[in-house]
Amino acid sequence: MKTYLDKMRGERAQPGSADWQDALWSWLGAFAGMGAICWLSTHWLSQHLLIVASFGATSVLIYAAPESPFAQPRNVLVGSVLSALTGVACFQLFGSTALAVSLAVSLSVLLMQLTHTVHPPGAAAALVAVIGGPQITALGWWYPLMPIGIGCAVMLVVAILVNNLARHRRYPRFW
């Protein structure tokens with residue numbers, strides 16, 4: 001029991017000094033990525049929802065931690081779309097219930113792990129499919145394509161362009 005409890009203490013974190021140049025590249029990517037989605041949402045797809053909360057978390061991964069396995073294009077796109085499909089299925093079967101919420105998140109985690117496409121914001125996309133309200137649930141089976149698929153694709157294009165401008169960054173690490 002002591003060993004089990006000792007695991008919960010963790011270790012003392014030793015944060016390094018902040019790299020302001022790297023932080024500025026992350027800011028530029030996040031600003032450009034979300035700006036592109038907002039522009040598309042306003043000017044091109046004005047009749048359709050294109051912005052969802054999970055894109056904020058996706059921005060952190062692909063612009064601030066582009067070397068992370070969770071930030072790679074296959075994980076971002078497939079993990080998010082697969083999770084969104086799972087969320088829509090759960091909503092269609094069980095409505096906006098606690099069971100649908102629990103199944104949407106847990107099944108999306110399971111499916112992402114089994115397909116090697118883990119992208120944490122994907123679970124948020126599944127959750128939003130169930131609890132996102134009438135504007136989201138009215139999209140039905142279109143939700144995984146738009147906003148999730150198109151939004152992720154736009155952010156990935158921006159991530160590839162911006163991350164590779166910096167000499168010390170390389171994105172993607174793998175497809």
# chains A, B, ... in the order shown; residues from 1 in each chain; ligands from 1
call {"tool": "select_by_dssp", "arguments": {"residues": "range 1-172 of chain A", "states": "helix (DSSP H, G or I)", "output": "count of residues only"}}
result
123
call {"tool": "residues_around", "arguments": {"residues": "Val158 in chain A", "least_positions_apart": "2", "cutoff": "8 Å", "atoms": "only C-alpha atoms", "output": "PyMOL selection string"}}
result
chain A and resi 29+32-33+154-156+160-162
call {"tool": "atom_distance", "arguments": {"atom1": "CA of Ile131 in chain A", "atom2": "CA of Ser96 in chain A"}}
result
6.0 Å
call {"tool": "closest_residue", "arguments": {"among": "A:Ala138, A:Leu111, A:Leu40, A:Ala125", "to": "Thr58 in chain A", "atoms": "only C-alpha atoms"}}
result
A:Ala125
call {"tool": "atom_distance", "arguments": {"atom1": "CA of Gly16 in chain A", "atom2": "CA of Pro120 in chain A"}}
result
24.9 Å
call {"tool": "residues_around", "arguments": {"residues": "Ser108 in chain A", "least_positions_apart": "2", "cutoff": "7 Å", "atoms": "only C-alpha atoms", "output": "list in words"}}
result
Ser83, Thr86, Ala104, Val105, Ser106, Leu110, Leu111, Met112, Ala123 and Ala126 of chain A
call {"tool": "write_last_selection", "arguments": {"atoms": "N, CA and C atoms", "output": "mmCIF file, in the first residue's frame"}}
result
data_model
loop_
_atom_site.group_PDB
_atom_site.id
_atom_site.type_symbol
_atom_site.label_atom_id
_atom_site.label_comp_id
_atom_site.auth_asym_id
_atom_site.auth_seq_id
_atom_site.Cartn_x
_atom_site.Cartn_y
_atom_site.Cartn_z
ATOM 1 N N SER A 83 -13.425 10.493 -33.136
ATOM 2 C CA SER A 83 -14.074 10.824 -31.864
ATOM 3 C C SER A 83 -15.388 11.558 -32.088
ATOM 4 N N THR A 86 -17.965 9.115 -33.036
ATOM 5 C CA THR A 86 -18.370 8.381 -31.836
ATOM 6 C C THR A 86 -19.355 9.200 -31.014
ATOM 7 N N ALA A 104 -19.448 8.440 -25.014
ATOM 8 C CA ALA A 104 -18.782 9.212 -26.068
ATOM 9 C C ALA A 104 -17.307 9.420 -25.740
ATOM 10 N N VAL A 105 -17.029 9.843 -24.535
ATOM 11 C CA VAL A 105 -15.638 10.103 -24.150
ATOM 12 C C VAL A 105 -14.850 8.805 -24.037
ATOM 13 N N SER A 106 -15.397 7.825 -23.337
ATOM 14 C CA SER A 106 -14.637 6.582 -23.118
ATOM 15 C C SER A 106 -14.440 5.790 -24.407
ATOM 16 N N LEU A 110 -10.920 4.819 -26.315
ATOM 17 C CA LEU A 110 -10.655 3.431 -26.718
ATOM 18 C C LEU A 110 -10.321 3.355 -28.207
ATOM 19 N N LEU A 111 -11.148 3.966 -29.036
ATOM 20 C CA LEU A 111 -10.933 3.896 -30.483
ATOM 21 C C LEU A 111 -9.653 4.605 -30.913
ATOM 22 N N MET A 112 -9.354 5.735 -30.299
ATOM 23 C CA MET A 112 -8.097 6.416 -30.641
ATOM 24 C C MET A 112 -6.894 5.562 -30.255
ATOM 25 N N ALA A 123 -11.328 13.692 -27.685
ATOM 26 C CA ALA A 123 -12.329 13.329 -26.681
ATOM 27 C C ALA A 123 -13.253 14.509 -26.396
ATOM 28 N N ALA A 126 -15.820 14.594 -29.088
ATOM 29 C CA ALA A 126 -16.869 13.602 -28.809
ATOM 30 C C ALA A 126 -17.845 14.147 -27.767
#
call {"tool": "closest_residue", "arguments": {"among": "A:Leu145, A:Met8, A:Val60, A:Leu24", "to": "Val78 in chain A", "atoms": "only C-alpha atoms"}}
result
A:Leu145
call {"tool": "residues_around", "arguments": {"residues": "Met34 in chain A", "least_positions_apart": "5", "cutoff": "12 Å", "atoms": "only C-alpha atoms", "output": "list of chain:residue names"}}
result
A:Trp27, A:Leu28, A:Gly29, A:Trp39, A:Leu40, A:Ser41, A:Leu50, A:Ile51, A:Val52, A:Ala53, A:Ser54, A:Phe55, A:Gly56, A:Ala57, A:Thr58, A:Ser59, A:Val60, A:Ile62, A:Tyr63, A:Gly151, A:Cys152, A:Ala153, A:Val154, A:Met155, A:Leu156, A:Val157, A:Val158, A:Ala159
call {"tool": "closest_residue", "arguments": {"among": "A:Gly149, A:Pro66, A:Gly140, A:Gly133", "to": "Gly79 in chain A", "atoms": "only C-alpha atoms"}}
result
A:Gly149
call {"tool": "residues_around", "arguments": {"residues": "Val88 in chain A", "least_positions_apart": "5", "cutoff": "10 Å", "atoms": "only C-alpha atoms", "output": "number ranges by chain"}}
result
A: 83, 93-95, 100, 104, 125-130, 136-137, 139-144
call {"tool": "atom_distance", "arguments": {"atom1": "CA of Asp6 in chain A", "atom2": "CA of Gln113 in chain A"}}
result
27.8 Å
call {"tool": "closest_residue", "arguments": {"among": "A:Ala36, A:Ala166, A:Leu99, A:Leu82", "to": "Leu114 in chain A", "atoms": "only C-alpha atoms"}}
result
A:Leu82
call {"tool": "closest_residue", "arguments": {"among": "A:Val76, A:Trp25, A:Arg170, A:Gln92", "to": "His116 in chain A", "atoms": "only C-alpha atoms"}}
result
A:Val76
